[in-house]
$ cat data.cif   # mmCIF, C-alpha atoms
data_model
loop_
_atom_site.label_atom_id
_atom_site.label_comp_id
_atom_site.auth_asym_id
_atom_site.auth_seq_id
_atom_site.Cartn_x
_atom_site.Cartn_y
_atom_site.Cartn_z
CA MET X 1 24.36 -6.12 27.32
CA GLU X 2 22.37 -4.94 24.28
CA PHE X 3 23.90 -5.21 20.80
CA ARG X 4 21.05 -3.60 18.86
CA THR X 5 18.54 -0.79 19.25
CA THR X 6 14.93 -1.94 19.08
CA VAL X 7 12.43 0.62 17.87
CA LYS X 8 9.56 1.01 20.34
CA THR X 9 6.14 1.57 18.76
CA GLY X 10 4.21 2.16 21.97
CA GLU X 11 1.08 0.52 23.29
CA ASN X 12 -1.22 -1.44 21.02
CA ARG X 13 -3.86 0.86 19.48
CA SER X 14 -6.20 -1.98 18.34
CA TRP X 15 -6.99 0.03 15.21
CA LEU X 16 -7.01 -3.02 12.93
CA HIS X 17 -9.48 -5.88 13.17
CA HIS X 18 -9.27 -8.93 10.95
CA SER X 19 -12.75 -8.22 9.58
CA ASP X 20 -11.86 -4.64 8.59
CA ASN X 21 -11.55 -3.20 5.10
CA VAL X 22 -8.14 -1.65 4.51
CA VAL X 23 -6.77 0.62 1.78
CA LEU X 24 -3.03 1.07 1.25
CA LEU X 25 -1.62 3.94 -0.80
CA GLY X 26 1.82 5.13 -1.72
CA SER X 27 5.29 3.75 -2.26
CA CYS X 28 5.92 0.11 -3.13
CA PHE X 29 6.28 -0.56 0.60
CA SER X 30 2.48 -0.34 0.59
CA ASP X 31 2.51 -3.20 -1.91
CA ASN X 32 4.67 -5.27 0.46
CA ILE X 33 2.54 -4.76 3.57
CA GLY X 34 -0.64 -4.98 1.51
CA ALA X 35 0.46 -8.38 0.24
CA LYS X 36 1.04 -9.46 3.83
CA MET X 37 -2.49 -8.37 4.72
CA GLN X 38 -3.96 -10.21 1.76
CA GLY X 39 -1.93 -13.27 2.75
CA ALA X 40 -3.71 -13.06 6.12
CA LEU X 41 -7.06 -12.90 4.25
CA ILE X 42 -7.64 -9.29 5.29
CA ASN X 43 -9.72 -7.40 2.74
CA ALA X 44 -6.97 -5.02 1.57
CA THR X 45 -7.13 -2.77 -1.49
CA ILE X 46 -3.63 -1.84 -2.65
CA ASN X 47 -2.87 1.30 -4.68
CA PRO X 48 -5.96 1.60 -6.91
CA MET X 49 -4.06 3.97 -9.24
CA GLY X 50 -0.76 2.14 -8.97
CA THR X 51 2.38 2.79 -6.95
CA LEU X 52 2.81 6.45 -5.98
CA TYR X 53 5.82 8.06 -4.34
CA ASN X 54 5.55 11.77 -3.56
CA PRO X 55 2.99 13.35 -1.18
CA MET X 56 1.56 15.71 -3.82
CA SER X 57 0.64 12.84 -6.15
CA ILE X 58 -0.70 10.73 -3.30
CA ALA X 59 -2.85 13.62 -2.03
CA GLY X 60 -4.09 14.26 -5.57
CA SER X 61 -5.02 10.61 -6.06
CA VAL X 62 -6.94 10.64 -2.76
CA GLN X 63 -8.95 13.68 -3.87
CA ARG X 64 -9.76 11.96 -7.18
CA LEU X 65 -10.82 8.77 -5.40
CA ILE X 66 -13.00 10.67 -2.94
CA LYS X 67 -14.79 12.46 -5.77
CA GLY X 68 -14.85 9.38 -8.00
CA GLU X 69 -13.59 11.71 -10.73
CA PRO X 70 -13.09 9.71 -13.97
CA ILE X 71 -10.15 9.99 -16.34
CA ALA X 72 -10.92 12.00 -19.48
CA GLY X 73 -9.58 10.85 -22.84
CA GLN X 74 -7.87 14.18 -23.62
CA THR X 75 -5.59 13.78 -20.59
CA LEU X 76 -4.05 10.57 -21.97
CA PHE X 77 -0.95 10.57 -24.17
CA MET X 78 0.80 7.98 -26.31
CA GLN X 79 4.27 6.94 -25.17
CA GLY X 80 6.08 3.67 -25.76
CA GLY X 81 3.25 2.24 -27.85
CA VAL X 82 0.63 2.56 -25.08
CA TRP X 83 -1.75 5.21 -23.75
CA ASN X 84 -0.67 6.70 -20.43
CA SER X 85 -1.93 9.01 -17.71
CA PHE X 86 0.42 11.05 -15.57
CA ASP X 87 -1.82 10.15 -12.61
CA PHE X 88 -1.56 6.37 -13.07
CA HIS X 89 1.20 3.78 -12.92
CA SER X 90 2.23 2.27 -16.26
CA ARG X 91 0.72 -1.12 -15.33
CA TYR X 92 -2.64 0.35 -16.36
CA SER X 93 -1.42 1.61 -19.75
CA LEU X 94 -2.70 -0.25 -22.83
CA PRO X 95 -2.30 0.06 -26.64
CA ASP X 96 -6.03 0.78 -27.03
CA LYS X 97 -7.11 4.21 -25.80
CA GLN X 98 -10.70 3.37 -24.85
CA ALA X 99 -9.58 0.18 -23.08
CA THR X 100 -7.09 2.28 -21.09
CA ILE X 101 -9.79 4.80 -20.13
CA ASP X 102 -12.16 2.01 -19.10
CA ARG X 103 -9.49 0.23 -17.08
CA MET X 104 -8.40 3.36 -15.23
CA ASN X 105 -11.96 4.44 -14.50
CA GLN X 106 -12.75 0.99 -13.13
CA ARG X 107 -9.82 1.42 -10.75
CA ILE X 108 -11.08 4.86 -9.68
CA GLU X 109 -14.57 3.49 -8.99
CA MET X 110 -13.11 0.55 -7.08
CA GLY X 111 -10.84 2.86 -5.05
CA HIS X 112 -13.72 5.23 -4.28
CA ASN X 113 -15.85 2.39 -2.91
CA ALA X 114 -12.92 0.88 -1.02
CA LEU X 115 -12.13 4.20 0.70
CA LEU X 116 -15.78 4.72 1.58
CA GLN X 117 -16.02 1.28 3.23
CA ALA X 118 -12.57 1.21 4.83
CA GLN X 119 -11.85 1.35 8.54
CA LEU X 120 -8.10 1.79 8.02
CA LEU X 121 -5.94 3.62 5.48
CA THR X 122 -2.16 3.44 5.35
CA VAL X 123 -0.21 6.10 3.45
CA THR X 124 3.45 5.46 2.68
CA LEU X 125 5.48 8.42 1.44
CA GLY X 126 8.54 7.47 -0.59
CA THR X 127 10.21 10.71 -1.64
CA ALA X 128 9.84 14.48 -1.43
CA MET X 129 11.20 14.85 -4.97
CA ILE X 130 8.53 15.96 -7.42
CA TYR X 131 8.43 16.27 -11.20
CA ARG X 132 6.32 19.11 -12.57
CA LEU X 133 5.26 19.03 -16.23
CA ARG X 134 6.57 22.24 -17.77
CA SER X 135 3.69 22.57 -20.24
CA THR X 136 0.92 22.51 -17.61
CA GLY X 137 2.61 22.96 -14.22
CA GLU X 138 1.00 19.77 -12.85
CA VAL X 139 2.92 17.43 -10.57
CA VAL X 140 3.06 14.00 -12.18
CA ALA X 141 2.84 10.71 -10.34
CA ASN X 142 4.77 8.82 -13.05
CA CYS X 143 6.93 10.14 -15.87
CA HIS X 144 6.34 7.15 -18.18
CA LYS X 145 9.79 7.64 -19.76
CA VAL X 146 8.81 11.00 -21.23
CA PRO X 147 12.05 12.97 -21.92
CA GLN X 148 13.34 14.59 -18.74
CA HIS X 149 13.60 18.06 -20.30
CA GLU X 150 9.79 18.21 -20.29
CA PHE X 151 9.78 18.26 -16.46
CA ALA X 152 11.00 20.63 -13.77
CA ARG X 153 12.47 18.57 -10.92
CA LYS X 154 12.63 19.88 -7.35
CA MET X 155 12.26 18.82 -3.75
CA ALA X 156 8.94 19.87 -2.24
CA SER X 157 9.27 22.06 0.83
CA VAL X 158 7.96 20.95 4.19
CA PRO X 159 5.24 23.67 4.27
CA GLU X 160 4.05 22.62 0.79
CA MET X 161 3.80 18.99 1.84
CA VAL X 162 2.09 19.82 5.14
CA GLN X 163 -0.54 21.87 3.31
CA GLU X 164 -1.25 19.03 0.85
CA LEU X 165 -1.45 16.39 3.59
CA ASP X 166 -3.58 18.58 5.86
CA THR X 167 -6.10 19.20 3.06
CA MET X 168 -6.10 15.48 2.22
CA LEU X 169 -6.74 14.43 5.82
CA THR X 170 -9.58 16.91 6.24
CA ALA X 171 -11.22 15.63 3.05
CA LEU X 172 -10.79 12.00 4.11
CA HIS X 173 -12.32 12.59 7.53
CA THR X 174 -15.31 14.33 5.97
CA PHE X 175 -15.72 11.58 3.38
CA ASN X 176 -15.34 8.67 5.85
CA PRO X 177 -15.45 9.78 9.52
CA LYS X 178 -14.78 6.26 10.84
CA LEU X 179 -11.44 6.01 9.01
CA HIS X 180 -8.16 5.67 10.91
CA ILE X 181 -5.07 6.74 8.96
CA ILE X 182 -1.54 5.46 9.50
CA PHE X 183 1.42 7.18 7.87
CA THR X 184 4.78 5.60 7.18
CA VAL X 185 7.96 6.70 5.44
CA SER X 186 9.12 4.06 3.00
CA PRO X 187 12.38 2.36 4.02
CA ILE X 188 13.23 1.96 0.32
CA ARG X 189 16.18 4.17 -0.56
CA HIS X 190 16.05 6.36 -3.67
CA ILE X 191 19.75 6.08 -4.46
CA ALA X 192 19.35 7.42 -8.02
CA ASP X 193 19.01 10.87 -6.41
CA GLY X 194 22.18 10.33 -4.38
CA LEU X 195 22.28 9.17 -0.76
CA ASP X 196 22.62 12.74 0.54
CA THR X 197 19.49 13.85 -1.33
CA ASN X 198 17.67 10.69 -0.25
CA SER X 199 18.52 11.45 3.38
CA LEU X 200 17.25 15.03 3.10
CA SER X 201 14.11 13.82 1.32
CA LYS X 202 13.25 11.26 3.99
CA ALA X 203 13.88 13.78 6.77
CA SER X 204 11.57 16.29 5.06
CA LEU X 205 8.84 13.66 4.73
CA ARG X 206 9.14 12.76 8.41
CA VAL X 207 8.82 16.39 9.51
CA ALA X 208 5.85 16.97 7.17
CA ILE X 209 4.05 13.90 8.50
CA HIS X 210 4.68 14.99 12.09
CA GLU X 211 3.23 18.44 11.41
CA ALA X 212 0.21 17.08 9.51
CA ILE X 213 -0.61 14.44 12.11
CA SER X 214 -0.46 16.98 14.93
CA ARG X 215 -3.55 18.62 13.41
CA HIS X 216 -5.49 15.34 13.15
CA ARG X 217 -4.20 13.41 16.14
CA GLU X 218 -7.52 11.77 17.03
CA TYR X 219 -7.58 9.58 13.91
CA CYS X 220 -4.00 9.64 12.59
CA ASP X 221 -0.80 7.92 13.64
CA TYR X 222 2.76 7.31 12.47
CA PHE X 223 4.28 3.84 12.17
CA PRO X 224 8.12 3.85 12.13
CA ALA X 225 8.81 1.42 9.27
CA TYR X 226 11.70 3.61 8.10
CA GLU X 227 13.24 3.75 11.56
CA ILE X 228 12.87 0.01 12.08
CA MET X 229 14.73 -0.66 8.84
CA LEU X 230 17.55 1.82 9.48
CA ASP X 231 18.02 1.58 13.24
CA ASP X 232 16.70 -1.84 14.26
CA LEU X 233 17.63 -3.88 11.17
CA ARG X 234 20.75 -1.88 10.37
CA ASP X 235 22.58 -4.52 8.35
CA TYR X 236 22.81 -5.15 4.61
CA ARG X 237 21.65 -8.74 5.11
CA PHE X 238 18.17 -7.28 5.61
CA TYR X 239 18.19 -5.76 2.12
CA ALA X 240 17.37 -7.45 -1.18
CA SER X 241 20.17 -7.98 -3.71
CA ASP X 242 19.75 -4.43 -5.07
CA MET X 243 20.73 -3.03 -1.65
CA VAL X 244 17.72 -0.71 -1.89
CA HIS X 245 14.57 -2.69 -1.12
CA PRO X 246 13.98 -4.55 2.17
CA SER X 247 14.43 -8.30 2.01
CA ASP X 248 11.55 -10.71 2.60
CA VAL X 249 12.87 -11.23 6.13
CA ALA X 250 12.82 -7.47 6.79
CA VAL X 251 9.30 -7.09 5.41
CA GLU X 252 8.11 -9.94 7.63
CA TYR X 253 9.79 -8.37 10.69
CA ILE X 254 8.14 -5.00 10.01
CA TRP X 255 4.79 -6.74 9.39
CA GLN X 256 5.08 -8.41 12.79
CA ALA X 257 5.82 -5.04 14.39
CA PHE X 258 2.82 -3.52 12.59
CA GLN X 259 0.57 -6.27 13.94
CA ALA X 260 1.87 -5.76 17.48
CA THR X 261 1.10 -2.05 17.19
CA TYR X 262 -2.37 -2.05 15.63
CA LEU X 263 -3.94 -5.52 15.65
CA ASP X 264 -6.26 -6.52 18.50
CA ASP X 265 -5.58 -9.83 20.27
CA ARG X 266 -8.43 -11.84 18.73
CA SER X 267 -7.48 -10.64 15.26
CA ALA X 268 -3.85 -11.64 15.83
CA LEU X 269 -5.00 -15.22 16.30
CA ALA X 270 -7.12 -14.99 13.15
CA VAL X 271 -4.17 -13.63 11.16
CA ALA X 272 -1.88 -16.46 12.24
CA ARG X 273 -4.48 -19.05 11.31
CA CYS X 274 -5.34 -17.44 7.99
CA GLU X 275 -1.69 -17.10 6.99
CA ARG X 276 -1.27 -20.86 7.40
CA ILE X 277 -4.39 -21.55 5.36
CA HIS X 278 -3.32 -19.07 2.69
CA LYS X 279 -0.04 -20.96 2.27
CA ARG X 280 -2.03 -24.16 1.85
CA LEU X 281 -4.17 -22.47 -0.79
CA GLN X 282 -1.04 -21.54 -2.74
CA HIS X 283 0.17 -25.14 -2.70
CA ARG X 284 -0.53 -27.38 -5.67
CA PRO X 285 -0.10 -31.13 -5.23
CA MET X 286 2.68 -32.47 -7.45
CA SER X 287 1.17 -35.93 -7.67
CA ALA X 288 -0.37 -37.03 -10.98
CA ASN X 289 -2.62 -39.39 -9.06
CA HIS X 290 -6.19 -38.10 -9.34
CA GLU X 291 -7.24 -39.56 -6.00
CA THR X 292 -4.34 -37.88 -4.19
CA VAL X 293 -5.17 -34.50 -5.70
CA GLU X 294 -8.86 -34.93 -4.97
CA ARG X 295 -8.13 -35.88 -1.36
CA PHE X 296 -5.93 -32.80 -0.93
CA ASN X 297 -8.62 -30.53 -2.41
CA ASN X 298 -11.33 -32.05 -0.23
CA ASP X 299 -9.19 -31.68 2.90
CA THR X 300 -8.47 -28.06 1.97
CA ALA X 301 -12.19 -27.41 1.43
CA SER X 302 -12.94 -28.88 4.85
CA VAL X 303 -10.38 -26.58 6.46
CA VAL X 304 -11.87 -23.61 4.61
CA ARG X 305 -15.42 -24.47 5.68
CA ASN X 306 -14.33 -24.63 9.30
CA LEU X 307 -12.57 -21.29 8.92
CA VAL X 308 -15.63 -19.59 7.40
CA LYS X 309 -17.82 -21.08 10.12
CA GLU X 310 -15.63 -19.43 12.75
CA TYR X 311 -15.16 -16.18 10.80
CA PRO X 312 -18.35 -15.67 8.72
CA TYR X 313 -17.11 -12.39 7.24
CA LEU X 314 -14.68 -14.47 5.13
CA ALA X 315 -17.51 -16.17 3.26
CA ASN X 316 -17.06 -13.97 0.17
CA ASN X 317 -13.28 -14.17 0.02
CA PRO X 318 -12.40 -15.12 -3.61
CA GLU X 319 -9.48 -17.39 -2.67
CA LEU X 320 -11.60 -19.34 -0.21
CA GLN X 321 -14.37 -19.66 -2.78
CA LYS X 322 -11.91 -21.12 -5.32
CA ALA X 323 -10.82 -23.71 -2.79
CA LEU X 324 -14.44 -24.73 -2.19
CA ASP X 325 -15.10 -24.88 -5.93
CA ARG X 326 -12.17 -27.27 -6.48
CA SER X 327 -13.51 -29.80 -3.97
#

$ encode --input "data.cif" --output "structure tokens"
Amino acid sequence: MEFRTTVKTGENRSWLHHSDNVVLLGSCFSDNIGAKMQGALINATINPMGTLYNPMSIAGSVQRLIKGEPIAGQTLFMQGGVWNSFDFHSRYSLPDKQATIDRMNQRIEMGHNALLQAQLLTVTLGTAMIYRLRSTGEVVANCHKVPQHEFARKMASVPEMVQELDTMLTALHTFNPKLHIIFTVSPIRHIADGLDTNSLSKASLRVAIHEAISRHREYCDYFPAYEIMLDDLRDYRFYASDMVHPSDVAVEYIWQAFQATYLDDRSALAVARCERIHKRLQHRPMSANHETVERFNNDTASVVRNLVKEYPYLANNPELQKALDRS
């Protein structure tokens, strides 16, 4: 007798190899899975322009990254004592205007190079709700606490989203023909809009992704993170205390399902080994005894050297280099 419904993700695609370069864009679920990849020492670039939620803003950010189009000073505005861009998350906003421009343009350059070198891109759509700046008509990625009356709020239609995603996918395939693209719908609930609106929004995103992928089937796929959270892990114990975000246990479960769907067998072994070593790298000996600390660092360095010997592509990993430097 079965007491739960397990979401089936199909046969393993072997789209992800441990040596691959990966870019993750979109909702903060990208941050969660991206952190898991980085914890497995996969070269993952997470949201170069910050967390993005709606498909229009994500598609716009992709076009900017493809072109390497820099931020211009006249597009920035002062709000809350810092300079902001409607295209960037507030984590890149600074009190100094030129420093903000430089920081954002560094992220654009880094994202451009990461996309060009990537073998895999994941795109997580969070909501179909968009905010359009009344003065210019542009869809903003972040409102930066600008008064709400300056925006027109609406839910994007499925045809609008399909058109944006289709154009984005065509541009990506032209820019980097070797790129595989995996879409997900974020399992994070946008309860501020009301649960009924959230449900309609997620359904619209799912239909739009289905339509867009059908035109680019050879290099695109859908991973059911949203369905796993709602139908497989359908219990509030799998949510964080805010009852909105997945718990650490849920994120780990979805990460395991993602590996089973896209990671080749040899890479799965590498991930398991690297995750253990990453945990060791995060550990700091509590002992004040210099010899004990030195012994731990030397042992860690030995483990790292053996790892790099087996997986030479990890030689330039910054965390591994730090461990070798401490020995």

$ closest_residue --input "data.cif" --among "X:Arg107, X:Leu16, X:Asn32, X:Val304" --to "Gly50 in chain X" --atoms "all atoms listed in the file"
X:Arg107

$ resolve_selection --input "data.cif" --expression "the PyMOL selection byres ((chain X and resi 86) around 10)" --output "PyMOL selection string"
chain X and resi 57+75-77+84-85+87-90+133+138-144

$ atom_distance --input "data.cif" --atom1 "CA of Met155 in chain X" --atom2 "CA of Ser199 in chain X"
12.0 Å

$ closest_residue --input "data.cif" --among "X:Phe175, X:Tyr131, X:Phe183, X:Tyr222" --to "Leu25 in chain X" --atoms "only C-alpha atoms"
X:Phe183

$ resolve_selection --input "data.cif" --expression "the PyMOL selection byres ((chain X and resi 60-70) around 9)" --output "PyMOL selection string"
chain X and resi 25+48-49+52+55-59+71-72+87-88+101+104-106+108-113+115-116+141+164+168+171-172+175

$ residues_near_point --input "data.cif" --point "(10.7, -7.0, 2.3)" --cutoff "10 Å" --atoms "only C-alpha atoms" --output "list in words"
Phe29, Asp31, Asn32, Ile33, Pro187, Ile188, Met229, Phe238, Tyr239, Ala240, His245, Pro246, Ser247, Asp248, Val249, Ala250, Val251, Glu252, Tyr253, Ile254 and Trp255 of chain X

$ closest_residue --input "data.cif" --among "X:Asn21, X:Thr5, X:Thr127, X:Gln259" --to "Asn198 in chain X" --atoms "only C-alpha atoms"
X:Thr127

$ residues_around --input "data.cif" --residues "Arg215 in chain X" --least-positions-apart "4" --cutoff "12 Å" --atoms "all atoms listed in the file" --output "PDB file with C-alpha atoms, in the coordinates of the input"
ATOM      1  CA  VAL X 162       2.090  19.820   5.140  1.00  0.00           C
ATOM      2  CA  GLN X 163      -0.540  21.870   3.310  1.00  0.00           C
ATOM      3  CA  LEU X 165      -1.450  16.390   3.590  1.00  0.00           C
ATOM      4  CA  ASP X 166      -3.580  18.580   5.860  1.00  0.00           C
ATOM      5  CA  THR X 167      -6.100  19.200   3.060  1.00  0.00           C
ATOM      6  CA  MET X 168      -6.100  15.480   2.220  1.00  0.00           C
ATOM      7  CA  LEU X 169      -6.740  14.430   5.820  1.00  0.00           C
ATOM      8  CA  THR X 170      -9.580  16.910   6.240  1.00  0.00           C
ATOM      9  CA  ALA X 208       5.850  16.970   7.170  1.00  0.00           C
ATOM     10  CA  ILE X 209       4.050  13.900   8.500  1.00  0.00           C
ATOM     11  CA  HIS X 210       4.680  14.990  12.090  1.00  0.00           C
ATOM     12  CA  GLU X 211       3.230  18.440  11.410  1.00  0.00           C
ATOM     13  CA  TYR X 219      -7.580   9.580  13.910  1.00  0.00           C
ATOM     14  CA  CYS X 220      -4.000   9.640  12.590  1.00  0.00           C
ATOM     15  CA  ASP X 221      -0.800   7.920  13.640  1.00  0.00           C
TER      16      ASP X 221
END

$ residues_around --input "data.cif" --residues "Glu294 in chain X" --least-positions-apart "6" --cutoff "12 Å" --atoms "all atoms listed in the file" --output "JSON, numbers by chain"
{"X": [284, 285, 287, 288, 300, 301, 323, 324, 325, 326, 327]}

$ closest_residue --input "data.cif" --among "X:Ile213, X:Ala260, X:Leu281, X:Ala40" --to "Leu314 in chain X" --atoms "only C-alpha atoms"
X:Ala40

$ atom_distance --input "data.cif" --atom1 "CA of Thr174 in chain X" --atom2 "CA of Asn317 in chain X"
29.2 Å

$ resolve_selection --input "data.cif" --expression "the PyMOL selection byres ((chain X and resi 264) around 8)" --output "VMD selection string"
chain X and resid 12 to 17 262 to 263 265 to 268

$ atom_distance --input "data.cif" --atom1 "CA of Lys154 in chain X" --atom2 "CA of Arg217 in chain X"
29.6 Å

$ decode --input "data.cif" --residues "range 108-124 of chain X" --atoms "C-alpha atoms" --output "PDB file, in the first residue's frame"
ATOM      1  CA  ILE X 108      27.371  41.545 -16.465  1.00  0.00           C
ATOM      2  CA  GLU X 109      30.828  40.718 -17.827  1.00  0.00           C
ATOM      3  CA  MET X 110      31.113  37.731 -15.503  1.00  0.00           C
ATOM      4  CA  GLY X 111      27.635  36.498 -16.487  1.00  0.00           C
ATOM      5  CA  HIS X 112      28.394  36.924 -20.194  1.00  0.00           C
ATOM      6  CA  ASN X 113      31.543  34.811 -19.923  1.00  0.00           C
ATOM      7  CA  ALA X 114      29.818  32.228 -17.723  1.00  0.00           C
ATOM      8  CA  LEU X 115      26.967  31.794 -20.221  1.00  0.00           C
ATOM      9  CA  LEU X 116      29.407  31.510 -23.107  1.00  0.00           C
ATOM     10  CA  GLN X 117      31.365  28.735 -21.359  1.00  0.00           C
ATOM     11  CA  ALA X 118      28.426  26.911 -19.780  1.00  0.00           C
ATOM     12  CA  GLN X 119      27.198  23.467 -20.725  1.00  0.00           C
ATOM     13  CA  LEU X 120      24.047  23.764 -18.602  1.00  0.00           C
ATOM     14  CA  LEU X 121      21.656  26.587 -17.720  1.00  0.00           C
ATOM     15  CA  THR X 122      18.789  26.294 -15.262  1.00  0.00           C
ATOM     16  CA  VAL X 123      15.974  28.857 -15.339  1.00  0.00           C
ATOM     17  CA  THR X 124      13.574  28.993 -12.402  1.00  0.00           C
TER      18      THR X 124
END
